Amino acid sequence: MKGKRLIWLLPLLLFAGLVALMANHLGAPQQQVIKSHMVGKPLAEFALEGVAGAPGLALVDLKGGGPVLVNIFASWCLPCAVEAPQLQALKDRGATIHGIALRDEPADVAGFLARHGNPFTRIGQDPGGRMMLAFGASGVPETYVVDAQGVIRYQHLGEIRAEHVDLLMAELEKAK
Amino acid sequence: MKAFAIALLLIASPVLAEPPTPPDVPLSNPVQEQRAKAVMAELRCLTCQNQSIADSNAAQAQAMRMEVRERIAAGEEPEAVRAFFVERYGDWVSFVPPAREDTALLWAAPLLFLGIGVALVARRFRR
């Protein structure tokens with residue numbers, strides 16, 4: 001009889017456990033990194049108009065030329081300004097970098113490049129933000145290694161810091 | 001006073017600003033628009049997680065809505081449109097969990113709990 005009565009405590013205990021589990025996760029950050037599932041997959045056909053005097057960017061420009069970096073940036077994005085010296089460093093070490101200007105005004109892009117330098121060979125304008133879907137990107141800045149077949153080989157989320165330069169050069173080498 | 005007002009204005013004017021997103025244009029075909037809306041309600045916004053792209057004002061959500069509308073207007077099935085986003089962002093982007101072997105317990109859980117409930121009630125009444 002005593003055992004029977006205690007069984008009614010079981011739901012209560014389960015509930016307490018659930019509360020403890022949830023309370024435990026309350027402090028956890030909400031925004032988790034959303035990795036692109038496009039890594040390893042070929043990019044679909046695209047063609048973007050150029051901006052700020054740079055020629056535009058299309059899928060054919062990525063193909064055949066060996067692995068390149070594609071950097072999604074915007075003039076209104078602060079981390080993009082932070083990573084500018086690192087992009088320049090990558091360029092100085094021989095990397096070809098193409099830019100995609102996300103949801104930006106041409107004049108703002110030109111101003112951004114004048115302030116922070118222009119490491120880009122080509123810059124495609126993406127006023128609607130549709131290229132984010134093509135790359136599986138979820139924010140700015142993001143940098144991709146694209147091989148000569150137009151396949152995404154590596155995704156770098158967020159700004160490139162000094163310690164990431166070697167890593168990206170290695171990824172470019174791997175994509176050869 | 002005037003100088004103060006000017007200073008305030010300078011502080012307030014945005015130096016770096018994301019341009020405003022263009023307004024949503026619903027599809028002219030109401031049946032298609034309804035289908036597109038249904039898909040939007042089940043896709044998760046990337047920048048404002050836990051909100052659907054139908055509910056979000058984020059620029060990226062707007063771009064995703066545009067993609068959904070274009071694909072529906074081109075005659076794609078809602079299931080195919082959802083698959084397009086899952087291919088890019090994983091199962092995570094859809095609010096509807098996929099029906100697969102590893103999610104079987106998730107789908108079976110309501111029936112399982114209903115069964116337990118019925119069994120408990122039946123036992124009570126028998127007594």
# chains A, B, ... in the order shown; residues from 1 in each chain; ligands from 1
$ residues_around --residues "Leu43 of chain A" --least-positions-apart "2" --cutoff "7 Å" --atoms "only C-alpha atoms" --output "list in words"
Lys41, Glu45, Ala134, Gly150, Val151 and Ile152 of chain A
$ write_last_selection --atoms "C-alpha atoms" --output "short mmCIF file (atom, residue, chain, number, x, y, z; two decimals), in the first residue's frame"
data_model
loop_
_atom_site.label_atom_id
_atom_site.label_comp_id
_atom_site.auth_asym_id
_atom_site.auth_seq_id
_atom_site.Cartn_x
_atom_site.Cartn_y
_atom_site.Cartn_z
CA LYS A 41 27.95 21.52 -52.65
CA GLU A 45 24.18 29.94 -61.39
CA ALA A 134 22.86 30.70 -52.35
CA GLY A 150 32.38 26.37 -58.15
CA VAL A 151 31.97 24.13 -55.10
CA ILE A 152 31.94 25.73 -51.62
#
$ closest_atom_pairs --of "chain A" --to "chain B" --cutoff "6 Å" --atoms "only C-alpha atoms" --output "tab-separated table"
residue	atom	partner	partner_atom	distance
A:Ser36	CA	B:Tyr89	CA	5.6
A:His37	CA	B:Arg88	CA	4.9
A:Met38	CA	B:Arg88	CA	5.5
A:Trp76	CA	B:Leu16	CA	4.6
A:Gly129	CA	B:Ala63	CA	5.8
A:Arg130	CA	B:Ala63	CA	6.0
A:Gly136	CA	B:Arg88	CA	4.8
A:Ser138	CA	B:Leu46	CA	5.8
$ closest_residue --among "A:Ala44, A:Leu87, A:Ala58, A:Val51" --to "Leu102 of chain A" --atoms "only C-alpha atoms"
A:Val51
$ select_by_dssp --residues "segment 43-107 of chain A" --states "alpha helix (DSSP H)" --output "list in words"
Leu59, Val60, Asp61, Leu62, Leu78, Pro79, Cys80, Ala81, Val82, Ala84, Pro85, Gln86, Leu87, Gln88, Ala89, Leu90, Lys91, Asp92, Pro106 and Ala107 of chain A
$ select_by_dssp --residues "segment 6-140 of chain A" --states "strand (DSSP E or B)" --output "PyMOL selection string"
chain A and resi 42+47-48+57-58+68-73+97-102+122-126
$ write_last_selection --atoms "N, CA and C atoms" --output "PDB file, in the first residue's frame"
ATOM      1  N   PRO A  42      27.925  22.401 -54.923  1.00  0.00           N
ATOM      2  CA  PRO A  42      28.199  23.427 -55.942  1.00  0.00           C
ATOM      3  C   PRO A  42      27.219  24.600 -55.834  1.00  0.00           C
ATOM      4  N   ALA A  47      24.585  35.846 -61.308  1.00  0.00           N
ATOM      5  CA  ALA A  47      25.320  36.945 -61.944  1.00  0.00           C
ATOM      6  C   ALA A  47      24.917  38.240 -61.266  1.00  0.00           C
ATOM      7  N   LEU A  48      25.883  38.912 -60.644  1.00  0.00           N
ATOM      8  CA  LEU A  48      25.601  40.146 -59.923  1.00  0.00           C
ATOM      9  C   LEU A  48      26.285  41.322 -60.612  1.00  0.00           C
ATOM     10  N   LEU A  57      30.155  40.172 -60.278  1.00  0.00           N
ATOM     11  CA  LEU A  57      30.563  38.811 -59.935  1.00  0.00           C
ATOM     12  C   LEU A  57      29.495  37.819 -60.398  1.00  0.00           C
ATOM     13  N   ALA A  58      29.965  36.777 -61.110  1.00  0.00           N
ATOM     14  CA  ALA A  58      29.057  35.717 -61.557  1.00  0.00           C
ATOM     15  C   ALA A  58      29.705  34.378 -61.277  1.00  0.00           C
ATOM     16  N   VAL A  68      39.174  30.530 -54.669  1.00  0.00           N
ATOM     17  CA  VAL A  68      39.126  31.958 -54.325  1.00  0.00           C
ATOM     18  C   VAL A  68      38.362  32.124 -53.016  1.00  0.00           C
ATOM     19  N   LEU A  69      38.510  33.296 -52.439  1.00  0.00           N
ATOM     20  CA  LEU A  69      37.711  33.640 -51.266  1.00  0.00           C
ATOM     21  C   LEU A  69      36.554  34.510 -51.716  1.00  0.00           C
ATOM     22  N   VAL A  70      35.375  34.242 -51.205  1.00  0.00           N
ATOM     23  CA  VAL A  70      34.232  35.117 -51.431  1.00  0.00           C
ATOM     24  C   VAL A  70      33.814  35.664 -50.072  1.00  0.00           C
ATOM     25  N   ASN A  71      33.841  36.973 -49.960  1.00  0.00           N
ATOM     26  CA  ASN A  71      33.556  37.642 -48.692  1.00  0.00           C
ATOM     27  C   ASN A  71      32.233  38.392 -48.799  1.00  0.00           C
ATOM     28  N   ILE A  72      31.293  38.030 -47.931  1.00  0.00           N
ATOM     29  CA  ILE A  72      30.015  38.754 -47.891  1.00  0.00           C
ATOM     30  C   ILE A  72      30.176  39.884 -46.883  1.00  0.00           C
ATOM     31  N   PHE A  73      29.988  41.117 -47.328  1.00  0.00           N
ATOM     32  CA  PHE A  73      30.202  42.272 -46.443  1.00  0.00           C
ATOM     33  C   PHE A  73      29.126  43.330 -46.680  1.00  0.00           C
ATOM     34  N   ILE A  97      40.356  37.554 -53.722  1.00  0.00           N
ATOM     35  CA  ILE A  97      39.155  37.763 -52.903  1.00  0.00           C
ATOM     36  C   ILE A  97      38.095  38.503 -53.717  1.00  0.00           C
ATOM     37  N   HIS A  98      36.918  37.897 -53.784  1.00  0.00           N
ATOM     38  CA  HIS A  98      35.777  38.571 -54.397  1.00  0.00           C
ATOM     39  C   HIS A  98      34.812  38.965 -53.289  1.00  0.00           C
ATOM     40  N   GLY A  99      34.135  40.088 -53.507  1.00  0.00           N
ATOM     41  CA  GLY A  99      33.200  40.564 -52.493  1.00  0.00           C
ATOM     42  C   GLY A  99      31.760  40.471 -52.964  1.00  0.00           C
ATOM     43  N   ILE A 100      30.864  40.305 -51.994  1.00  0.00           N
ATOM     44  CA  ILE A 100      29.431  40.448 -52.265  1.00  0.00           C
ATOM     45  C   ILE A 100      28.924  41.509 -51.310  1.00  0.00           C
ATOM     46  N   ALA A 101      28.484  42.635 -51.886  1.00  0.00           N
ATOM     47  CA  ALA A 101      28.004  43.751 -51.066  1.00  0.00           C
ATOM     48  C   ALA A 101      26.535  43.532 -50.752  1.00  0.00           C
ATOM     49  N   LEU A 102      26.266  43.223 -49.499  1.00  0.00           N
ATOM     50  CA  LEU A 102      24.919  42.829 -49.081  1.00  0.00           C
ATOM     51  C   LEU A 102      24.059  44.051 -48.737  1.00  0.00           C
ATOM     52  N   ARG A 122      36.690  41.420 -57.656  1.00  0.00           N
ATOM     53  CA  ARG A 122      35.352  41.682 -58.194  1.00  0.00           C
ATOM     54  C   ARG A 122      34.402  41.898 -57.025  1.00  0.00           C
ATOM     55  N   ILE A 123      33.396  42.738 -57.237  1.00  0.00           N
ATOM     56  CA  ILE A 123      32.381  42.929 -56.197  1.00  0.00           C
ATOM     57  C   ILE A 123      31.001  42.829 -56.825  1.00  0.00           C
ATOM     58  N   GLY A 124      30.218  41.892 -56.359  1.00  0.00           N
ATOM     59  CA  GLY A 124      28.851  41.761 -56.838  1.00  0.00           C
ATOM     60  C   GLY A 124      27.901  42.444 -55.870  1.00  0.00           C
ATOM     61  N   GLN A 125      26.914  43.128 -56.445  1.00  0.00           N
ATOM     62  CA  GLN A 125      25.944  43.836 -55.617  1.00  0.00           C
ATOM     63  C   GLN A 125      24.740  42.937 -55.375  1.00  0.00           C
ATOM     64  N   ASP A 126      24.349  42.792 -54.121  1.00  0.00           N
ATOM     65  CA  ASP A 126      23.210  41.940 -53.777  1.00  0.00           C
ATOM     66  C   ASP A 126      22.204  42.747 -52.970  1.00  0.00           C
TER      67      ASP A 126
END
$ atom_distance --atom1 "atom CA of Pro55 of chain A" --atom2 "atom CA of Ala110 of chain A"
13.1 Å
$ atom_distance --atom1 "atom CA of Ala41 of chain B" --atom2 "atom CA of Ile34 of chain A"
19.6 Å
$ residues_around --residues "Arg153 of chain A" --least-positions-apart "3" --cutoff "7 Å" --atoms "only C-alpha atoms" --output "PDB file with N, CA and C atoms, in the first residue's frame"
ATOM      1  N   VAL A  39      28.356  23.740 -47.680  1.00  0.00           N
ATOM      2  CA  VAL A  39      29.764  23.351 -47.782  1.00  0.00           C
ATOM      3  C   VAL A  39      29.848  21.966 -48.426  1.00  0.00           C
ATOM      4  N   GLY A  40      30.637  21.878 -49.515  1.00  0.00           N
ATOM      5  CA  GLY A  40      30.746  20.616 -50.240  1.00  0.00           C
ATOM      6  C   GLY A  40      29.787  20.533 -51.418  1.00  0.00           C
ATOM      7  N   VAL A 145      35.480  29.715 -49.017  1.00  0.00           N
ATOM      8  CA  VAL A 145      36.463  29.221 -49.973  1.00  0.00           C
ATOM      9  C   VAL A 145      35.679  28.488 -51.060  1.00  0.00           C
ATOM     10  N   VAL A 146      35.815  28.967 -52.309  1.00  0.00           N
ATOM     11  CA  VAL A 146      35.140  28.334 -53.435  1.00  0.00           C
ATOM     12  C   VAL A 146      36.205  27.799 -54.391  1.00  0.00           C
ATOM     13  N   ASP A 147      36.096  26.515 -54.734  1.00  0.00           N
ATOM     14  CA  ASP A 147      37.130  25.926 -55.592  1.00  0.00           C
ATOM     15  C   ASP A 147      36.853  26.190 -57.076  1.00  0.00           C
ATOM     16  N   ALA A 175      41.837  23.409 -51.054  1.00  0.00           N
ATOM     17  CA  ALA A 175      40.796  23.400 -52.095  1.00  0.00           C
ATOM     18  C   ALA A 175      41.390  23.352 -53.499  1.00  0.00           C
TER      19      ALA A 175
END
$ atom_distance --atom1 "atom CA of Val25 of chain B" --atom2 "atom CA of Arg69 of chain B"
9.0 Å
$ closest_residue --among "A:Pro127, A:Leu78, A:Ala148, A:Ala23" --to "Asp61 of chain A" --atoms "only C-alpha atoms"
A:Ala148
$ decode --residues "segment 76-140 of chain A" --atoms "C-alpha atoms" --output "PDB file, in the first residue's frame"
ATOM      1  CA  TRP A  76      26.633  49.068 -42.342  1.00  0.00           C
ATOM      2  CA  CYS A  77      28.337  46.073 -40.739  1.00  0.00           C
ATOM      3  CA  LEU A  78      30.905  46.942 -38.072  1.00  0.00           C
ATOM      4  CA  PRO A  79      32.715  43.564 -37.917  1.00  0.00           C
ATOM      5  CA  CYS A  80      33.273  43.979 -41.676  1.00  0.00           C
ATOM      6  CA  ALA A  81      35.379  47.051 -40.949  1.00  0.00           C
ATOM      7  CA  VAL A  82      37.200  45.114 -38.233  1.00  0.00           C
ATOM      8  CA  GLU A  83      38.217  42.321 -40.619  1.00  0.00           C
ATOM      9  CA  ALA A  84      39.418  44.680 -43.406  1.00  0.00           C
ATOM     10  CA  PRO A  85      43.135  44.506 -42.432  1.00  0.00           C
ATOM     11  CA  GLN A  86      42.964  40.706 -42.384  1.00  0.00           C
ATOM     12  CA  LEU A  87      41.412  40.609 -45.873  1.00  0.00           C
ATOM     13  CA  GLN A  88      44.252  42.833 -47.050  1.00  0.00           C
ATOM     14  CA  ALA A  89      46.757  40.465 -45.421  1.00  0.00           C
ATOM     15  CA  LEU A  90      45.171  37.505 -47.231  1.00  0.00           C
ATOM     16  CA  LYS A  91      45.405  39.397 -50.507  1.00  0.00           C
ATOM     17  CA  ASP A  92      49.056  40.236 -49.846  1.00  0.00           C
ATOM     18  CA  ARG A  93      49.719  36.543 -49.379  1.00  0.00           C
ATOM     19  CA  GLY A  94      48.333  35.824 -52.814  1.00  0.00           C
ATOM     20  CA  ALA A  95      44.655  35.061 -52.224  1.00  0.00           C
ATOM     21  CA  THR A  96      42.079  36.205 -54.760  1.00  0.00           C
ATOM     22  CA  ILE A  97      39.155  37.763 -52.903  1.00  0.00           C
ATOM     23  CA  HIS A  98      35.777  38.571 -54.397  1.00  0.00           C
ATOM     24  CA  GLY A  99      33.200  40.564 -52.493  1.00  0.00           C
ATOM     25  CA  ILE A 100      29.431  40.448 -52.265  1.00  0.00           C
ATOM     26  CA  ALA A 101      28.004  43.751 -51.066  1.00  0.00           C
ATOM     27  CA  LEU A 102      24.919  42.829 -49.081  1.00  0.00           C
ATOM     28  CA  ARG A 103      21.871  45.145 -49.031  1.00  0.00           C
ATOM     29  CA  ASP A 104      23.842  48.308 -49.606  1.00  0.00           C
ATOM     30  CA  GLU A 105      23.739  51.581 -51.518  1.00  0.00           C
ATOM     31  CA  PRO A 106      26.492  51.909 -54.180  1.00  0.00           C
ATOM     32  CA  ALA A 107      27.688  55.193 -52.662  1.00  0.00           C
ATOM     33  CA  ASP A 108      27.935  53.581 -49.216  1.00  0.00           C
ATOM     34  CA  VAL A 109      29.970  50.680 -50.622  1.00  0.00           C
ATOM     35  CA  ALA A 110      32.368  53.143 -52.297  1.00  0.00           C
ATOM     36  CA  GLY A 111      32.696  55.065 -49.027  1.00  0.00           C
ATOM     37  CA  PHE A 112      33.364  51.870 -47.066  1.00  0.00           C
ATOM     38  CA  LEU A 113      36.109  50.789 -49.486  1.00  0.00           C
ATOM     39  CA  ALA A 114      37.668  54.259 -49.398  1.00  0.00           C
ATOM     40  CA  ARG A 115      37.782  54.132 -45.589  1.00  0.00           C
ATOM     41  CA  HIS A 116      38.861  50.542 -45.035  1.00  0.00           C
ATOM     42  CA  GLY A 117      40.678  49.592 -48.254  1.00  0.00           C
ATOM     43  CA  ASN A 118      39.620  47.474 -51.203  1.00  0.00           C
ATOM     44  CA  PRO A 119      41.062  43.949 -51.305  1.00  0.00           C
ATOM     45  CA  PHE A 120      38.451  42.767 -53.830  1.00  0.00           C
ATOM     46  CA  THR A 121      39.070  41.724 -57.435  1.00  0.00           C
ATOM     47  CA  ARG A 122      35.352  41.682 -58.194  1.00  0.00           C
ATOM     48  CA  ILE A 123      32.381  42.929 -56.197  1.00  0.00           C
ATOM     49  CA  GLY A 124      28.851  41.761 -56.838  1.00  0.00           C
ATOM     50  CA  GLN A 125      25.944  43.836 -55.617  1.00  0.00           C
ATOM     51  CA  ASP A 126      23.210  41.940 -53.777  1.00  0.00           C
ATOM     52  CA  PRO A 127      20.518  44.484 -52.923  1.00  0.00           C
ATOM     53  CA  GLY A 128      17.891  41.853 -52.075  1.00  0.00           C
ATOM     54  CA  GLY A 129      20.077  39.612 -49.912  1.00  0.00           C
ATOM     55  CA  ARG A 130      19.329  36.567 -52.079  1.00  0.00           C
ATOM     56  CA  MET A 131      22.983  35.494 -52.266  1.00  0.00           C
ATOM     57  CA  MET A 132      22.786  34.669 -48.567  1.00  0.00           C
ATOM     58  CA  LEU A 133      20.540  31.768 -49.527  1.00  0.00           C
ATOM     59  CA  ALA A 134      22.858  30.699 -52.345  1.00  0.00           C
ATOM     60  CA  PHE A 135      25.720  30.322 -49.882  1.00  0.00           C
ATOM     61  CA  GLY A 136      23.647  29.200 -46.918  1.00  0.00           C
ATOM     62  CA  ALA A 137      24.858  32.286 -45.072  1.00  0.00           C
ATOM     63  CA  SER A 138      23.023  33.602 -42.041  1.00  0.00           C
ATOM     64  CA  GLY A 139      24.852  36.840 -41.264  1.00  0.00           C
ATOM     65  CA  VAL A 140      27.580  39.304 -42.233  1.00  0.00           C
TER      66      VAL A 140
END
